[in-house]
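Colleague: After the structure tokens below, expect a handful of questions from me.
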Amino acid sequence: MKVAVVGATGLVGSKMLQVLTERNFPVTELIPVASEKSVGKEVTFKGKTWKVVSADTAISMKPNVAIFSAGGSTSLEWAPKFAAAGITVIDNSSAWRMDPSKKLVVPEVNGDALTQEDKIIANPNCSTIQMVLVLKPLHEKYKIKRVVVSTYQSVTGTGVKAVTQLMNERQGISGEMAYAYPIDLNVIPQIDVFLDNGYTKEEMKMVNETKKIMRDDTIRVTATTVRIPVMGGHSESVNIEFENEYDVSEIRTLLSQTPGIIVVDDPSKAQYPMPKDAHDKDEVFVGRIRRDETQPKTVNMWIVADNLRKGAATNAVQIAEFLQEKNWL
Ligand code: 2RA
């Protein structure tokens with residue numbers, strides 16, 4: 001299988017290469033793609049070096065699949081050109097996510113929506129992916145009415161520049177800033193730009209993408225998304241109101257039995273998920289599952305995942321695996 005990774009030199013791109021290797025995706029030829037200034041550089045994959053090429057050259061090399069992680073404008077420009085050449089695109093940017101003609105996929109949740117005709121497939125936003133994986137079995141069993149989520153998001157979600165800003169601040173070095181404010185010893189209640197309704201784009205991604213992936217517009221979601229000086233993953237405090245009555249221990253069992261989820265929830269031993277433990281893991285971790293005592297049929301929980309893995313690279317590679325198993329690549 002010839003695989004192009006567009007944005008191969010970025011944080012998510014490098015994670016893609018790592019995940020493709022670990023999951024033994026049958027890559028016979030890697031086509032790393034990056035901006036003109038990186039063309040000619042080399043990328044190491046499976047013990048070999050592969051030359052970085054331009055998007056144009058990559059199309060002429062006819063990969064079976066192209067996994068994009070190079071930002072929205074690159075995806076808008078290039079994904080249709082790859083697709084027109086018959087190459088299936090899995091796109092990690094927000095460019096196509098809410099396009100009604102494109103599927104937005106978390107394989108465990110709505111992989112069944114995919115068909116052989118889908119040539120540009122959108123990978124959801126990191127903070128949405130980890131939440132919907134948990135919401136899906138709960139919705140099936142208790143029917144979700146409303147979700148209130150607050151996020152605590154890792155700087156790795158912004159990219160290399162933000163990691164450098166955090167590290168520089170920690171060492172007292174002044175350098176280029178990824179954020180408008182210091183991030184070390186701080187919390188920034190803004191991820192992405194503000195929209196007219198006073199919410200940020202990241203918050204509205206959580207609202208809109210959740211409905212699309214869950215295929216249910218009746219689920220009400222409200223979000224506050226926050227950047228914190230952490231590296232290993234995104235954390236989320238999630239309050240979920242159901243239509244039907246539930247039982248906390250039943251939820252623990254249900255989530256423990258759901259592929260891709262690990263329940264870490266033992267208050268007597270101070271056991272709960274933390275980003276430092278989720279780091280470099282593919283699973284989504286859930287803990288602090290407890291009844292919301294202020295209203296009926298409502299539960300609180302804490303959801304943590306490595307945003308570069310299940311929130312980005314792993315989910316994209318899982319989509320590729322799904323297509324490959326169907327022989328659609
Ligand atoms: C973030 N959601 O963490 C972004 C990355 N896709 O900023």
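Just remember, in the structure tokens the first chain shown is A, the second B, etc., residues are 1-based per chain, and ligands are 1-based in the order shown.
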Which residues are close to Gln324 in chain A, i.e. within 10 Å by only C-alpha atoms, leaving aside same-chain residues fewer than 2 positions away? Reply as a short mmCIF file (atom, residue, chain, number, x, y, z; two decimals) with N, CA and C atoms, in the first residue's frame.
Modeller:
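Result file is around_3.cif:
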data_model
loop_
_atom_site.label_atom_id
_atom_site.label_comp_id
_atom_site.auth_asym_id
_atom_site.auth_seq_id
_atom_site.Cartn_x
_atom_site.Cartn_y
_atom_site.Cartn_z
N MET A 1 0.84 -1.19 0.00
CA MET A 1 0.00 0.00 0.00
C MET A 1 0.89 1.26 0.00
N PHE A 25 0.42 -1.04 9.73
CA PHE A 25 -0.34 -0.76 8.52
C PHE A 25 0.55 -1.16 7.34
N PRO A 26 0.01 -1.90 6.36
CA PRO A 26 0.88 -2.48 5.32
C PRO A 26 1.42 -1.44 4.34
N ASN A 64 -2.30 4.98 -2.60
CA ASN A 64 -3.65 4.43 -2.39
C ASN A 64 -4.44 5.36 -1.46
N VAL A 65 -3.71 5.95 -0.51
CA VAL A 65 -4.38 6.80 0.48
C VAL A 65 -3.44 7.95 0.85
N GLN A 318 -6.91 4.41 11.99
CA GLN A 318 -8.02 3.46 12.14
C GLN A 318 -9.00 3.57 10.97
N ILE A 319 -9.21 4.80 10.48
CA ILE A 319 -10.08 4.98 9.30
C ILE A 319 -9.44 4.27 8.10
N ALA A 320 -8.11 4.47 7.95
CA ALA A 320 -7.40 3.81 6.84
C ALA A 320 -7.51 2.29 6.96
N GLU A 321 -7.37 1.78 8.20
CA GLU A 321 -7.46 0.33 8.41
C GLU A 321 -8.85 -0.18 8.02
N PHE A 322 -9.87 0.59 8.41
CA PHE A 322 -11.25 0.22 8.10
C PHE A 322 -11.43 0.10 6.58
N LYS A 326 -11.90 -3.35 4.04
CA LYS A 326 -13.01 -3.49 3.09
C LYS A 326 -12.51 -3.60 1.65
N ASN A 327 -11.17 -3.48 1.48
CA ASN A 327 -10.58 -3.46 0.13
C ASN A 327 -11.00 -2.26 -0.69
N TRP A 328 -11.16 -1.12 -0.03
CA TRP A 328 -11.62 0.08 -0.71
C TRP A 328 -10.47 1.04 -1.05
N LEU A 329 -9.24 0.64 -0.73
CA LEU A 329 -8.13 1.55 -1.01
C LEU A 329 -7.39 1.14 -2.28
#
Colleague: Can you tell me which residues surround Ser154 in chain A at a distance of at most 7 Å, considering only C-alpha atoms, apart from same-chain residues fewer than 2 positions away, and format the answer as a list in words?
Modeller: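 Here the qualifying residues turn out to be Tyr152, Thr156, Gly157, Arg227, Ile228, Pro229, Val230, Met231, Gly232, Gly233 and His234 of chain A.
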Colleague: Restrict the selected residues to C-alpha atoms and save them as a PDB file, in the first residue's frame.
Modeller:
ATOM      1  CA  TYR A 152      -8.309  21.156  29.791  1.00  0.00           C
ATOM      2  CA  THR A 156       0.470  19.801  21.740  1.00  0.00           C
ATOM      3  CA  GLY A 157      -2.961  20.483  20.198  1.00  0.00           C
ATOM      4  CA  ARG A 227      -5.679  25.574  27.133  1.00  0.00           C
ATOM      5  CA  ILE A 228      -3.501  24.465  30.044  1.00  0.00           C
ATOM      6  CA  PRO A 229       0.293  24.063  30.374  1.00  0.00           C
ATOM      7  CA  VAL A 230       0.250  20.285  29.894  1.00  0.00           C
ATOM      8  CA  MET A 231       1.765  18.009  27.238  1.00  0.00           C
ATOM      9  CA  GLY A 232       0.372  14.458  27.486  1.00  0.00           C
ATOM     10  CA  GLY A 233      -3.244  14.826  26.427  1.00  0.00           C
ATOM     11  CA  HIS A 234      -6.564  16.567  26.676  1.00  0.00           C
TER      12      HIS A 234
END
Colleague: Find the residues of chain A that sit at most 7 Å from ligand 1; for each, write down the nearest two atoms and how far apart they are in Å, to one decimal. Count only C-alpha atoms and all ligand atoms. Sort by chain, then by number going up, and give it as a tab-separated table.
Modeller:
residue	atom	partner	partner_atom_place_in_ligand_line	distance
A:Asn125	CA	ligand 1	6 (N)	5.2
A:Cys126	CA	ligand 1	2 (N)	5.2
A:Ser127	CA	ligand 1	2 (N)	6.0
A:Gln153	CA	ligand 1	3 (O)	5.8
A:Ser154	CA	ligand 1	3 (O)	6.4
A:Val155	CA	ligand 1	3 (O)	6.8
A:Thr156	CA	ligand 1	3 (O)	6.8
A:Gly157	CA	ligand 1	3 (O)	3.3
A:Thr158	CA	ligand 1	7 (O)	4.6
A:Ile191	CA	ligand 1	7 (O)	5.9
A:Asp192	CA	ligand 1	7 (O)	6.8
A:Glu202	CA	ligand 1	2 (N)	6.2
Colleague: Quick one: residues within 8 Å of range 130-140 of chain A, only C-alpha atoms, excluding same-chain residues fewer than 3 positions away - as a VMD selection string?
Modeller: chain A and resid 106 108 to 109 126 to 127 143 to 144 210 213 to 214 236 242 251 254 to 255 258 260 to 261 284 303 to 305 310 to 311
Colleague: For the residues selected in the previous step, produce a file with N, CA and C atoms as a PDB file, in the first residue's frame.
Modeller:
ATOM      1  N   VAL A 106     -15.426   8.609  13.448  1.00  0.00           N
ATOM      2  CA  VAL A 106     -14.698   7.908  14.510  1.00  0.00           C
ATOM      3  C   VAL A 106     -15.109   6.453  14.295  1.00  0.00           C
ATOM      4  N   GLU A 108     -15.187   3.553  15.621  1.00  0.00           N
ATOM      5  CA  GLU A 108     -15.992   2.782  16.589  1.00  0.00           C
ATOM      6  C   GLU A 108     -17.405   3.347  16.726  1.00  0.00           C
ATOM      7  N   VAL A 109     -17.576   4.616  16.353  1.00  0.00           N
ATOM      8  CA  VAL A 109     -18.883   5.261  16.563  1.00  0.00           C
ATOM      9  C   VAL A 109     -19.732   5.222  15.295  1.00  0.00           C
ATOM     10  N   CYS A 126      -9.817  16.766  17.920  1.00  0.00           N
ATOM     11  CA  CYS A 126      -9.330  15.898  19.000  1.00  0.00           C
ATOM     12  C   CYS A 126     -10.249  15.860  20.221  1.00  0.00           C
ATOM     13  N   SER A 127     -10.685  17.032  20.673  1.00  0.00           N
ATOM     14  CA  SER A 127     -11.499  17.055  21.905  1.00  0.00           C
ATOM     15  C   SER A 127     -12.868  16.415  21.678  1.00  0.00           C
ATOM     16  N   LYS A 143     -30.007   7.204  26.288  1.00  0.00           N
ATOM     17  CA  LYS A 143     -30.398   8.346  25.433  1.00  0.00           C
ATOM     18  C   LYS A 143     -29.988   9.677  26.078  1.00  0.00           C
ATOM     19  N   ILE A 144     -29.015  10.297  25.458  1.00  0.00           N
ATOM     20  CA  ILE A 144     -28.481  11.556  25.989  1.00  0.00           C
ATOM     21  C   ILE A 144     -29.358  12.731  25.569  1.00  0.00           C
ATOM     22  N   THR A 210     -20.155  16.703  17.363  1.00  0.00           N
ATOM     23  CA  THR A 210     -20.770  15.639  18.167  1.00  0.00           C
ATOM     24  C   THR A 210     -22.085  15.199  17.543  1.00  0.00           C
ATOM     25  N   ILE A 213     -21.353  13.239  14.206  1.00  0.00           N
ATOM     26  CA  ILE A 213     -20.786  11.887  14.376  1.00  0.00           C
ATOM     27  C   ILE A 213     -21.815  10.950  15.011  1.00  0.00           C
ATOM     28  N   MET A 214     -22.557  11.473  15.975  1.00  0.00           N
ATOM     29  CA  MET A 214     -23.554  10.641  16.680  1.00  0.00           C
ATOM     30  C   MET A 214     -24.828  10.484  15.845  1.00  0.00           C
ATOM     31  N   GLU A 236     -11.211  16.249  30.004  1.00  0.00           N
ATOM     32  CA  GLU A 236     -12.530  16.873  29.882  1.00  0.00           C
ATOM     33  C   GLU A 236     -13.392  16.519  31.076  1.00  0.00           C
ATOM     34  N   PHE A 242     -29.373  12.295  30.909  1.00  0.00           N
ATOM     35  CA  PHE A 242     -30.030  11.258  30.106  1.00  0.00           C
ATOM     36  C   PHE A 242     -31.547  11.413  30.116  1.00  0.00           C
ATOM     37  N   ILE A 251     -22.780   1.950  34.397  1.00  0.00           N
ATOM     38  CA  ILE A 251     -22.006   2.775  33.445  1.00  0.00           C
ATOM     39  C   ILE A 251     -20.544   2.336  33.445  1.00  0.00           C
ATOM     40  N   LEU A 254     -20.379  -0.855  31.518  1.00  0.00           N
ATOM     41  CA  LEU A 254     -20.638  -0.613  30.092  1.00  0.00           C
ATOM     42  C   LEU A 254     -19.398  -0.001  29.413  1.00  0.00           C
ATOM     43  N   LEU A 255     -18.810   1.002  30.051  1.00  0.00           N
ATOM     44  CA  LEU A 255     -17.653   1.671  29.443  1.00  0.00           C
ATOM     45  C   LEU A 255     -16.432   0.750  29.439  1.00  0.00           C
ATOM     46  N   THR A 258     -16.413  -1.380  26.472  1.00  0.00           N
ATOM     47  CA  THR A 258     -16.400  -0.723  25.160  1.00  0.00           C
ATOM     48  C   THR A 258     -14.974  -0.685  24.609  1.00  0.00           C
ATOM     49  N   GLY A 260     -11.606   0.343  23.129  1.00  0.00           N
ATOM     50  CA  GLY A 260     -10.957   1.659  23.021  1.00  0.00           C
ATOM     51  C   GLY A 260     -11.072   2.495  24.276  1.00  0.00           C
ATOM     52  N   ILE A 261     -11.863   2.014  25.259  1.00  0.00           N
ATOM     53  CA  ILE A 261     -12.029   2.788  26.504  1.00  0.00           C
ATOM     54  C   ILE A 261     -11.435   2.010  27.672  1.00  0.00           C
ATOM     55  N   VAL A 284      -8.932   5.804  25.252  1.00  0.00           N
ATOM     56  CA  VAL A 284      -9.549   6.937  25.955  1.00  0.00           C
ATOM     57  C   VAL A 284      -9.820   6.466  27.382  1.00  0.00           C
ATOM     58  N   ILE A 303     -12.803  12.583  31.312  1.00  0.00           N
ATOM     59  CA  ILE A 303     -12.345  11.816  30.147  1.00  0.00           C
ATOM     60  C   ILE A 303     -10.986  12.356  29.683  1.00  0.00           C
ATOM     61  N   VAL A 304     -10.011  11.475  29.539  1.00  0.00           N
ATOM     62  CA  VAL A 304      -8.656  11.895  29.158  1.00  0.00           C
ATOM     63  C   VAL A 304      -8.145  11.038  27.996  1.00  0.00           C
ATOM     64  N   ALA A 305      -7.482  11.665  27.033  1.00  0.00           N
ATOM     65  CA  ALA A 305      -6.856  10.903  25.939  1.00  0.00           C
ATOM     66  C   ALA A 305      -5.684  11.686  25.379  1.00  0.00           C
ATOM     67  N   LYS A 310      -5.376   9.110  19.802  1.00  0.00           N
ATOM     68  CA  LYS A 310      -6.793   8.878  19.431  1.00  0.00           C
ATOM     69  C   LYS A 310      -7.410  10.177  18.918  1.00  0.00           C
ATOM     70  N   GLY A 311      -6.923  11.308  19.407  1.00  0.00           N
ATOM     71  CA  GLY A 311      -7.471  12.589  18.967  1.00  0.00           C
ATOM     72  C   GLY A 311      -7.039  13.006  17.570  1.00  0.00           C
TER      73      GLY A 311
END
Colleague: Compare A:Ile31, A:Val149, A:Ala8, A:Ile90 by their minimum atom-to-atom distance to Lys62 in chain A, counting only C-alpha atoms, and give me the closest one.
Modeller: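 Going through A:Ile31, A:Val149, A:Ala8, A:Ile90 one by one, the smallest distance to Lys62 in chain A is for A:Ile31.
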Colleague: Among the residues of range 45-173 of chain A, find those DSSP assigns to strand (DSSP E or B) from the backbone and print them as a list of chain:residue names.
Modeller: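 DSSP-assigned strand (DSSP E or B) residues in range 45-173 of chain A: A:Phe45, A:Lys48, A:Thr49, A:Trp50, A:Lys51, A:Val53, A:Val65, A:Ala66, A:Ile67, A:Phe68, A:Thr88, A:Val89, A:Ile90, A:Asp91, A:Lys103, A:Leu104, A:Ile120, A:Ile121, A:Ala122, A:Ile144, A:Lys145, A:Arg146, A:Val147, A:Val148, A:Val149, A:Ser150, A:Thr151, A:Tyr152, A:Gln153.
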Colleague: Give me the residues within 8 Å of range 183-190 of chain A as JSON, numbers by chain, counting only C-alpha atoms and dropping any in the same chain fewer than 4 places off.
Modeller: {"A": [165, 166, 169, 170, 179, 194, 200, 224, 225, 226, 227, 228, 229]}
Colleague: Kindly export the residues of the current selection with N, CA and C atoms, as a short mmCIF file (atom, residue, chain, number, x, y, z; two decimals), in the first residue's frame.
Modeller:
data_model
loop_
_atom_site.label_atom_id
_atom_site.label_comp_id
_atom_site.auth_asym_id
_atom_site.auth_seq_id
_atom_site.Cartn_x
_atom_site.Cartn_y
_atom_site.Cartn_z
N GLN A 165 7.00 27.31 23.12
CA GLN A 165 6.68 28.45 24.01
C GLN A 165 6.66 28.00 25.47
N LEU A 166 5.98 26.87 25.73
CA LEU A 166 5.90 26.37 27.10
C LEU A 166 7.29 26.05 27.65
N GLU A 169 9.34 29.25 28.28
CA GLU A 169 8.89 29.96 29.49
C GLU A 169 9.37 29.26 30.75
N ARG A 170 9.34 27.93 30.70
CA ARG A 170 9.77 27.15 31.86
C ARG A 170 11.25 27.37 32.15
N TYR A 179 0.83 31.65 21.67
CA TYR A 179 -0.39 32.21 22.25
C TYR A 179 -0.19 33.70 22.52
N PHE A 194 -12.70 33.58 18.42
CA PHE A 194 -14.07 33.77 18.90
C PHE A 194 -15.03 33.95 17.72
N THR A 200 -15.91 30.03 21.21
CA THR A 200 -14.78 29.89 20.29
C THR A 200 -15.10 28.82 19.26
N THR A 224 -16.97 24.66 27.05
CA THR A 224 -15.98 25.70 27.35
C THR A 224 -14.63 25.03 27.15
N THR A 225 -13.83 25.55 26.22
CA THR A 225 -12.56 24.88 25.93
C THR A 225 -11.39 25.76 26.39
N VAL A 226 -10.45 25.09 27.08
CA VAL A 226 -9.41 25.83 27.80
C VAL A 226 -8.04 25.21 27.55
N ARG A 227 -7.06 26.06 27.33
CA ARG A 227 -5.68 25.57 27.13
C ARG A 227 -4.94 25.61 28.47
N ILE A 228 -4.27 24.52 28.79
CA ILE A 228 -3.50 24.47 30.04
C ILE A 228 -2.05 24.06 29.74
N PRO A 229 -1.12 24.35 30.65
CA PRO A 229 0.29 24.06 30.37
C PRO A 229 0.65 22.59 30.60
#
Colleague: Can you tell me, as a PyMOL selection string, which residues in range 161-258 of chain A count as alpha helix (DSSP H) by DSSP?
Modeller: chain A and resi 161-170+201-214+248-256
Colleague: Here is a test: counting only C-alpha atoms, which residue of A:Lys2, A:Arg309, A:His279, A:Lys145 is nearest to Val19 in chain A?
Modeller: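 The answer is A:Arg309, which sits nearest to Val19 in chain A.
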Colleague: CA of Thr21 in chain A to CA of Phe45 in chain A: how many Å, to one decimal?
Modeller: 7.7 Å
Colleague: If you count only C-alpha atoms, which residues fall within 10 Å of Ser14 in chain A, apart from same-chain ones fewer than 3 positions away, as number ranges by chain?
Modeller: A: 5, 7-11, 17-20, 43-45, 69, 308, 313
